[in-house]
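Structure below is start.cif: mmCIF, N, CA and C atoms.
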data_work
loop_
_atom_site.label_atom_id
_atom_site.label_comp_id
_atom_site.auth_asym_id
_atom_site.auth_seq_id
_atom_site.Cartn_x
_atom_site.Cartn_y
_atom_site.Cartn_z
N MET A 1 -3.31 -2.25 -15.56
CA MET A 1 -3.21 -0.82 -15.37
C MET A 1 -1.74 -0.44 -15.44
N SER A 2 -1.41 0.45 -16.33
CA SER A 2 -0.01 0.85 -16.48
C SER A 2 0.43 1.76 -15.34
N GLU A 3 -0.51 2.43 -14.72
CA GLU A 3 -0.21 3.34 -13.62
C GLU A 3 -0.21 2.59 -12.29
N ARG A 4 0.88 2.75 -11.53
CA ARG A 4 0.95 2.15 -10.19
C ARG A 4 0.27 3.09 -9.22
N LEU A 5 -0.75 2.61 -8.55
CA LEU A 5 -1.47 3.43 -7.59
C LEU A 5 -1.05 3.04 -6.18
N PRO A 6 -0.93 4.03 -5.29
CA PRO A 6 -0.61 3.71 -3.90
C PRO A 6 -1.74 2.88 -3.27
N VAL A 7 -1.34 1.92 -2.46
CA VAL A 7 -2.31 1.06 -1.77
C VAL A 7 -2.10 1.19 -0.27
N ASP A 8 -3.19 1.38 0.46
CA ASP A 8 -3.16 1.37 1.92
C ASP A 8 -3.58 -0.04 2.32
N TYR A 9 -2.61 -0.85 2.73
CA TYR A 9 -2.87 -2.25 3.04
C TYR A 9 -3.70 -2.41 4.31
N ASP A 10 -3.64 -1.45 5.21
CA ASP A 10 -4.43 -1.53 6.44
C ASP A 10 -5.90 -1.24 6.16
N ALA A 11 -6.17 -0.19 5.39
CA ALA A 11 -7.55 0.20 5.08
C ALA A 11 -8.10 -0.55 3.87
N GLU A 12 -7.22 -1.30 3.19
CA GLU A 12 -7.59 -1.99 1.95
C GLU A 12 -8.21 -1.00 0.97
N ALA A 13 -7.43 0.05 0.66
CA ALA A 13 -7.89 1.12 -0.20
C ALA A 13 -6.78 1.51 -1.18
N VAL A 14 -7.20 2.13 -2.27
CA VAL A 14 -6.27 2.60 -3.29
C VAL A 14 -6.47 4.11 -3.44
N PHE A 15 -5.38 4.82 -3.74
CA PHE A 15 -5.43 6.28 -3.89
C PHE A 15 -5.63 6.62 -5.35
N LEU A 16 -6.79 7.18 -5.66
CA LEU A 16 -7.13 7.51 -7.05
C LEU A 16 -7.84 8.85 -7.07
N ASP A 17 -7.41 9.70 -7.98
CA ASP A 17 -8.04 11.02 -8.15
C ASP A 17 -8.09 11.82 -6.86
N GLY A 18 -7.02 11.73 -6.07
CA GLY A 18 -6.89 12.55 -4.88
C GLY A 18 -7.59 12.04 -3.63
N ILE A 19 -8.17 10.83 -3.69
CA ILE A 19 -8.83 10.30 -2.50
C ILE A 19 -8.55 8.80 -2.37
N TRP A 20 -8.67 8.31 -1.13
CA TRP A 20 -8.53 6.88 -0.87
C TRP A 20 -9.88 6.22 -1.08
N MET A 21 -9.90 5.13 -1.85
CA MET A 21 -11.15 4.42 -2.13
C MET A 21 -10.99 2.93 -1.85
N THR A 22 -11.98 2.38 -1.16
CA THR A 22 -12.03 0.95 -0.89
C THR A 22 -12.67 0.24 -2.08
N ARG A 23 -12.71 -1.08 -2.00
CA ARG A 23 -13.41 -1.86 -3.04
C ARG A 23 -14.85 -1.37 -3.19
N GLU A 24 -15.49 -1.19 -2.04
CA GLU A 24 -16.89 -0.78 -2.04
C GLU A 24 -17.07 0.60 -2.67
N ASP A 25 -16.15 1.52 -2.37
CA ASP A 25 -16.21 2.86 -2.96
C ASP A 25 -16.08 2.79 -4.48
N LEU A 26 -15.11 2.01 -4.93
CA LEU A 26 -14.89 1.89 -6.37
C LEU A 26 -16.09 1.24 -7.06
N ALA A 27 -16.60 0.18 -6.47
CA ALA A 27 -17.77 -0.50 -7.05
C ALA A 27 -18.97 0.44 -7.11
N ALA A 28 -19.18 1.23 -6.05
CA ALA A 28 -20.30 2.17 -6.03
C ALA A 28 -20.13 3.24 -7.10
N ARG A 29 -18.92 3.72 -7.28
CA ARG A 29 -18.67 4.71 -8.34
C ARG A 29 -18.92 4.12 -9.72
N ILE A 30 -18.48 2.90 -9.92
CA ILE A 30 -18.70 2.24 -11.22
C ILE A 30 -20.20 2.11 -11.47
N ARG A 31 -20.94 1.63 -10.45
CA ARG A 31 -22.40 1.49 -10.58
C ARG A 31 -23.06 2.83 -10.89
N ALA A 32 -22.65 3.87 -10.19
CA ALA A 32 -23.23 5.20 -10.40
C ALA A 32 -22.99 5.69 -11.83
N HIS A 33 -21.79 5.47 -12.32
CA HIS A 33 -21.49 5.86 -13.71
C HIS A 33 -22.40 5.11 -14.68
N LEU A 34 -22.52 3.81 -14.49
CA LEU A 34 -23.34 3.00 -15.39
C LEU A 34 -24.81 3.41 -15.30
N ASP A 35 -25.29 3.69 -14.09
CA ASP A 35 -26.68 4.11 -13.91
C ASP A 35 -26.97 5.42 -14.62
N ARG A 36 -25.97 6.28 -14.74
CA ARG A 36 -26.13 7.56 -15.44
C ARG A 36 -25.88 7.42 -16.94
N GLY A 37 -25.57 6.22 -17.38
CA GLY A 37 -25.28 6.00 -18.79
C GLY A 37 -23.88 6.43 -19.20
N GLU A 38 -23.01 6.60 -18.21
CA GLU A 38 -21.62 6.95 -18.49
C GLU A 38 -20.82 5.65 -18.51
N TYR A 39 -20.19 5.38 -19.63
CA TYR A 39 -19.50 4.10 -19.79
C TYR A 39 -17.99 4.22 -19.75
N ARG A 40 -17.49 5.36 -19.40
CA ARG A 40 -16.04 5.54 -19.25
C ARG A 40 -15.66 5.17 -17.82
N ILE A 41 -15.56 3.88 -17.62
CA ILE A 41 -15.27 3.36 -16.27
C ILE A 41 -13.95 2.60 -16.22
N SER A 42 -13.20 2.64 -17.29
CA SER A 42 -11.99 1.82 -17.35
C SER A 42 -10.99 2.18 -16.25
N ARG A 43 -10.85 3.46 -15.94
CA ARG A 43 -9.90 3.87 -14.90
C ARG A 43 -10.34 3.36 -13.53
N LEU A 44 -11.62 3.47 -13.22
CA LEU A 44 -12.15 2.96 -11.95
C LEU A 44 -12.02 1.45 -11.89
N SER A 45 -12.35 0.80 -12.99
CA SER A 45 -12.27 -0.66 -13.05
C SER A 45 -10.82 -1.13 -12.90
N ALA A 46 -9.90 -0.43 -13.54
CA ALA A 46 -8.48 -0.79 -13.44
C ALA A 46 -7.97 -0.57 -12.02
N ALA A 47 -8.43 0.49 -11.36
CA ALA A 47 -8.03 0.74 -9.97
C ALA A 47 -8.55 -0.36 -9.06
N LEU A 48 -9.78 -0.80 -9.29
CA LEU A 48 -10.35 -1.89 -8.50
C LEU A 48 -9.57 -3.18 -8.73
N GLU A 49 -9.23 -3.44 -9.97
CA GLU A 49 -8.44 -4.64 -10.28
C GLU A 49 -7.05 -4.55 -9.64
N TRP A 50 -6.42 -3.37 -9.70
CA TRP A 50 -5.11 -3.17 -9.10
C TRP A 50 -5.17 -3.44 -7.60
N LEU A 51 -6.20 -2.90 -6.94
CA LEU A 51 -6.35 -3.11 -5.50
C LEU A 51 -6.52 -4.59 -5.19
N GLU A 52 -7.35 -5.28 -5.94
CA GLU A 52 -7.57 -6.71 -5.73
C GLU A 52 -6.27 -7.50 -5.88
N VAL A 53 -5.52 -7.20 -6.92
CA VAL A 53 -4.27 -7.91 -7.17
C VAL A 53 -3.27 -7.63 -6.05
N GLU A 54 -3.11 -6.37 -5.68
CA GLU A 54 -2.14 -6.02 -4.63
C GLU A 54 -2.51 -6.66 -3.30
N LEU A 55 -3.78 -6.64 -2.94
CA LEU A 55 -4.19 -7.24 -1.67
C LEU A 55 -4.05 -8.76 -1.70
N SER A 56 -4.29 -9.37 -2.85
CA SER A 56 -4.16 -10.82 -2.93
C SER A 56 -2.70 -11.26 -2.86
N ARG A 57 -1.79 -10.38 -3.28
CA ARG A 57 -0.36 -10.71 -3.26
C ARG A 57 0.30 -10.36 -1.92
N ALA A 58 -0.37 -9.56 -1.11
CA ALA A 58 0.21 -9.14 0.18
C ALA A 58 0.37 -10.34 1.10
N ARG A 59 1.41 -10.29 1.89
CA ARG A 59 1.68 -11.37 2.83
C ARG A 59 1.86 -10.79 4.22
N VAL A 60 1.48 -11.56 5.20
CA VAL A 60 1.62 -11.16 6.59
C VAL A 60 2.94 -11.71 7.12
N LEU A 61 3.73 -10.84 7.72
CA LEU A 61 4.97 -11.26 8.38
C LEU A 61 4.77 -11.07 9.88
N ALA A 62 5.10 -12.06 10.64
CA ALA A 62 4.99 -11.97 12.09
C ALA A 62 6.39 -12.02 12.69
N VAL A 63 6.68 -11.06 13.54
CA VAL A 63 7.99 -11.04 14.20
C VAL A 63 7.78 -10.72 15.68
N ARG A 64 8.68 -11.22 16.48
CA ARG A 64 8.67 -10.87 17.90
C ARG A 64 9.77 -9.85 18.11
N VAL A 65 9.43 -8.82 18.85
CA VAL A 65 10.40 -7.78 19.15
C VAL A 65 10.36 -7.48 20.65
N PRO A 66 11.43 -6.90 21.16
CA PRO A 66 11.42 -6.51 22.58
C PRO A 66 10.30 -5.49 22.83
N ALA A 67 9.81 -5.50 24.06
CA ALA A 67 8.71 -4.60 24.43
C ALA A 67 9.06 -3.14 24.15
N GLU A 68 10.30 -2.76 24.38
CA GLU A 68 10.71 -1.37 24.17
C GLU A 68 10.62 -0.98 22.70
N LEU A 69 11.00 -1.90 21.82
CA LEU A 69 10.92 -1.62 20.39
C LEU A 69 9.46 -1.54 19.94
N ALA A 70 8.65 -2.44 20.43
CA ALA A 70 7.22 -2.40 20.10
C ALA A 70 6.61 -1.08 20.57
N GLN A 71 6.97 -0.65 21.76
CA GLN A 71 6.43 0.61 22.28
C GLN A 71 6.90 1.79 21.43
N ALA A 72 8.15 1.78 21.01
CA ALA A 72 8.67 2.86 20.18
C ALA A 72 7.93 2.92 18.85
N VAL A 73 7.65 1.76 18.26
CA VAL A 73 6.91 1.72 16.99
C VAL A 73 5.50 2.25 17.20
N GLU A 74 4.85 1.84 18.28
CA GLU A 74 3.49 2.29 18.57
C GLU A 74 3.44 3.79 18.81
N GLU A 75 4.43 4.32 19.51
CA GLU A 75 4.49 5.76 19.76
C GLU A 75 4.70 6.53 18.46
N GLU A 76 5.56 6.02 17.59
CA GLU A 76 5.80 6.67 16.30
C GLU A 76 4.53 6.64 15.44
N ALA A 77 3.85 5.52 15.46
CA ALA A 77 2.60 5.41 14.71
C ALA A 77 1.57 6.40 15.25
N SER A 78 1.47 6.50 16.54
CA SER A 78 0.53 7.44 17.16
C SER A 78 0.89 8.88 16.78
N ARG A 79 2.17 9.19 16.83
CA ARG A 79 2.63 10.54 16.47
C ARG A 79 2.26 10.88 15.03
N ARG A 80 2.39 9.90 14.14
CA ARG A 80 2.09 10.11 12.71
C ARG A 80 0.61 9.98 12.38
N GLY A 81 -0.13 9.37 13.29
CA GLY A 81 -1.55 9.14 13.01
C GLY A 81 -1.77 8.01 12.03
N CYS A 82 -0.94 6.97 12.13
CA CYS A 82 -1.07 5.82 11.24
C CYS A 82 -0.94 4.55 12.07
N SER A 83 -0.96 3.43 11.41
CA SER A 83 -0.86 2.15 12.11
C SER A 83 0.60 1.77 12.35
N SER A 84 0.79 0.89 13.33
CA SER A 84 2.13 0.34 13.57
C SER A 84 2.61 -0.42 12.34
N ALA A 85 1.70 -1.12 11.69
CA ALA A 85 2.07 -1.87 10.49
C ALA A 85 2.61 -0.95 9.40
N SER A 86 2.03 0.23 9.28
CA SER A 86 2.49 1.20 8.29
C SER A 86 3.92 1.66 8.61
N VAL A 87 4.19 1.92 9.88
CA VAL A 87 5.54 2.32 10.29
C VAL A 87 6.54 1.19 10.00
N LEU A 88 6.15 -0.03 10.30
CA LEU A 88 7.05 -1.17 10.05
C LEU A 88 7.30 -1.37 8.56
N ARG A 89 6.26 -1.24 7.72
CA ARG A 89 6.46 -1.37 6.27
C ARG A 89 7.45 -0.32 5.78
N GLU A 90 7.28 0.91 6.25
CA GLU A 90 8.18 1.98 5.84
C GLU A 90 9.62 1.71 6.30
N ALA A 91 9.77 1.22 7.52
CA ALA A 91 11.10 0.92 8.05
C ALA A 91 11.78 -0.20 7.26
N ILE A 92 11.04 -1.23 6.93
CA ILE A 92 11.59 -2.34 6.15
C ILE A 92 12.00 -1.85 4.77
N ARG A 93 11.12 -1.07 4.14
CA ARG A 93 11.41 -0.53 2.80
C ARG A 93 12.68 0.33 2.85
N ALA A 94 12.79 1.20 3.85
CA ALA A 94 13.96 2.07 3.97
C ALA A 94 15.23 1.26 4.20
N PHE A 95 15.15 0.25 5.05
CA PHE A 95 16.32 -0.59 5.33
C PHE A 95 16.78 -1.31 4.06
N LEU A 96 15.85 -1.93 3.35
CA LEU A 96 16.23 -2.65 2.13
C LEU A 96 16.75 -1.70 1.06
N HIS A 97 16.15 -0.53 0.96
CA HIS A 97 16.61 0.46 -0.01
C HIS A 97 18.04 0.89 0.31
N GLN A 98 18.32 1.11 1.58
CA GLN A 98 19.67 1.50 2.00
C GLN A 98 20.67 0.40 1.63
N GLN A 99 20.28 -0.85 1.81
CA GLN A 99 21.18 -1.96 1.47
C GLN A 99 21.51 -1.95 -0.02
N VAL A 100 20.50 -1.70 -0.85
CA VAL A 100 20.71 -1.71 -2.30
C VAL A 100 21.49 -0.48 -2.74
N VAL A 101 21.11 0.69 -2.25
CA VAL A 101 21.73 1.95 -2.69
C VAL A 101 23.17 2.05 -2.22
N ASN A 102 23.44 1.68 -0.99
CA ASN A 102 24.79 1.80 -0.45
C ASN A 102 25.70 0.66 -0.87
N GLY A 103 25.13 -0.34 -1.48
CA GLY A 103 25.95 -1.46 -1.91
C GLY A 103 26.46 -2.28 -0.75
N ASP A 104 25.79 -2.19 0.39
CA ASP A 104 26.23 -2.95 1.57
C ASP A 104 25.97 -4.44 1.40
N GLY A 105 25.34 -4.78 0.35
CA GLY A 105 25.04 -6.19 0.10
C GLY A 105 23.83 -6.28 -0.80
N ALA A 106 23.91 -7.15 -1.76
CA ALA A 106 22.78 -7.32 -2.65
C ALA A 106 21.64 -7.98 -1.89
N VAL A 107 20.46 -7.45 -2.06
CA VAL A 107 19.28 -8.03 -1.43
C VAL A 107 18.55 -8.78 -2.52
N GLU A 108 18.75 -10.07 -2.55
CA GLU A 108 18.16 -10.87 -3.61
C GLU A 108 16.65 -10.88 -3.51
N GLY A 109 16.02 -10.85 -4.68
CA GLY A 109 14.57 -10.93 -4.73
C GLY A 109 13.87 -9.62 -4.46
N VAL A 110 14.62 -8.56 -4.23
CA VAL A 110 14.01 -7.25 -3.99
C VAL A 110 14.33 -6.38 -5.19
N ASP A 111 13.28 -5.93 -5.87
CA ASP A 111 13.54 -5.05 -7.00
C ASP A 111 13.21 -3.61 -6.60
N GLU A 112 13.68 -2.68 -7.37
CA GLU A 112 13.60 -1.26 -7.03
C GLU A 112 12.16 -0.73 -6.98
N ARG A 113 11.16 -1.45 -7.51
CA ARG A 113 9.80 -0.91 -7.50
C ARG A 113 9.28 -0.72 -6.08
N TRP A 114 9.85 -1.46 -5.12
CA TRP A 114 9.38 -1.34 -3.73
C TRP A 114 9.82 -0.03 -3.11
N PHE A 115 10.75 0.65 -3.76
CA PHE A 115 11.30 1.87 -3.17
C PHE A 115 10.68 3.11 -3.79
N GLU A 116 9.60 2.96 -4.54
CA GLU A 116 9.00 4.09 -5.26
C GLU A 116 7.96 4.84 -4.44
N GLY A 117 7.93 4.65 -3.15
CA GLY A 117 7.01 5.44 -2.35
C GLY A 117 5.91 4.72 -1.79
#

Taking this structure as input, can you express it in the form of structure tokens?
Amino acid sequence: MSERLPVDYDAEAVFLDGIWMTREDLAARIRAHLDRGEYRISRLSAALEWLEVELSRARVLAVRVPAELAQAVEEEASRRGCSSASVLREAIRAFLHQQVVNGDGAVEGVDERWFEG
């Protein structure tokens, strides 16, 4: 798929056509199209493949942090209505992006695609 679709790693969903869809949602849509004799399913199929690839490449990082920092992350996540993991991913992405943009030090192995949103 030439188009990079946003992935919600917590919900295991991809954002396509204005909505978040899980594997099951995408598979059901593909089945429904085929049942109606509609064979233009390449976009749905590509989105499902993209989601599978992104989830298979995802890695879990475990870190210990002081209780106060953990509480601050949890409060921020609650305020935003998202997961703590989502807040941490955003914070890591912002930190690494700042390192690259400000030239404070080259971050090896990090390419600019991670900073695209």

Using only N, CA and C atoms, pick whichever of A:Leu55, A:Ala70, A:Ser84, A:Ser78 has the shortest atom-to-atom distance to Tyr9 of chain A. A:Leu55

Using Å and a single decimal, report how far atom CA of Ser56 of chain A sits from atom CA of His33 of chain A.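 If I compute the distance from atom CA of His33 of chain A to atom CA of Ser56 of chain A, I get 26.4 Å.
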
DSSP on the backbone, then: every residue of chain A marked alpha helix (DSSP H), written as a ChimeraX atom specification. /A:23-35,42-57,67-80,84-102

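Contact shell of Asp10 of chain A at 8 Å (only N, CA and C atoms; same-chain neighbours under 3 positions omitted): Val7, Ala13, Ser83, Ala85 and Ser86 of chain A.
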
Point-to-point distance in Å for atom N of Ala77 of chain A and atom C of Trp20 of chain A: 21.5 Å

Write out as a ChimeraX atom specification all residues of segment 7-55 of chain A that backbone DSSP assigns to strand (DSSP E). /A:7-8,13-16,19-22

Residue with smallest distance to Arg23 of chain A - pool A:Arg79, A:Arg93, A:Val73, A:Asp8, counting only C-alpha atoms: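 Answer, going by the shortest atom-to-atom distance: A:Asp8.
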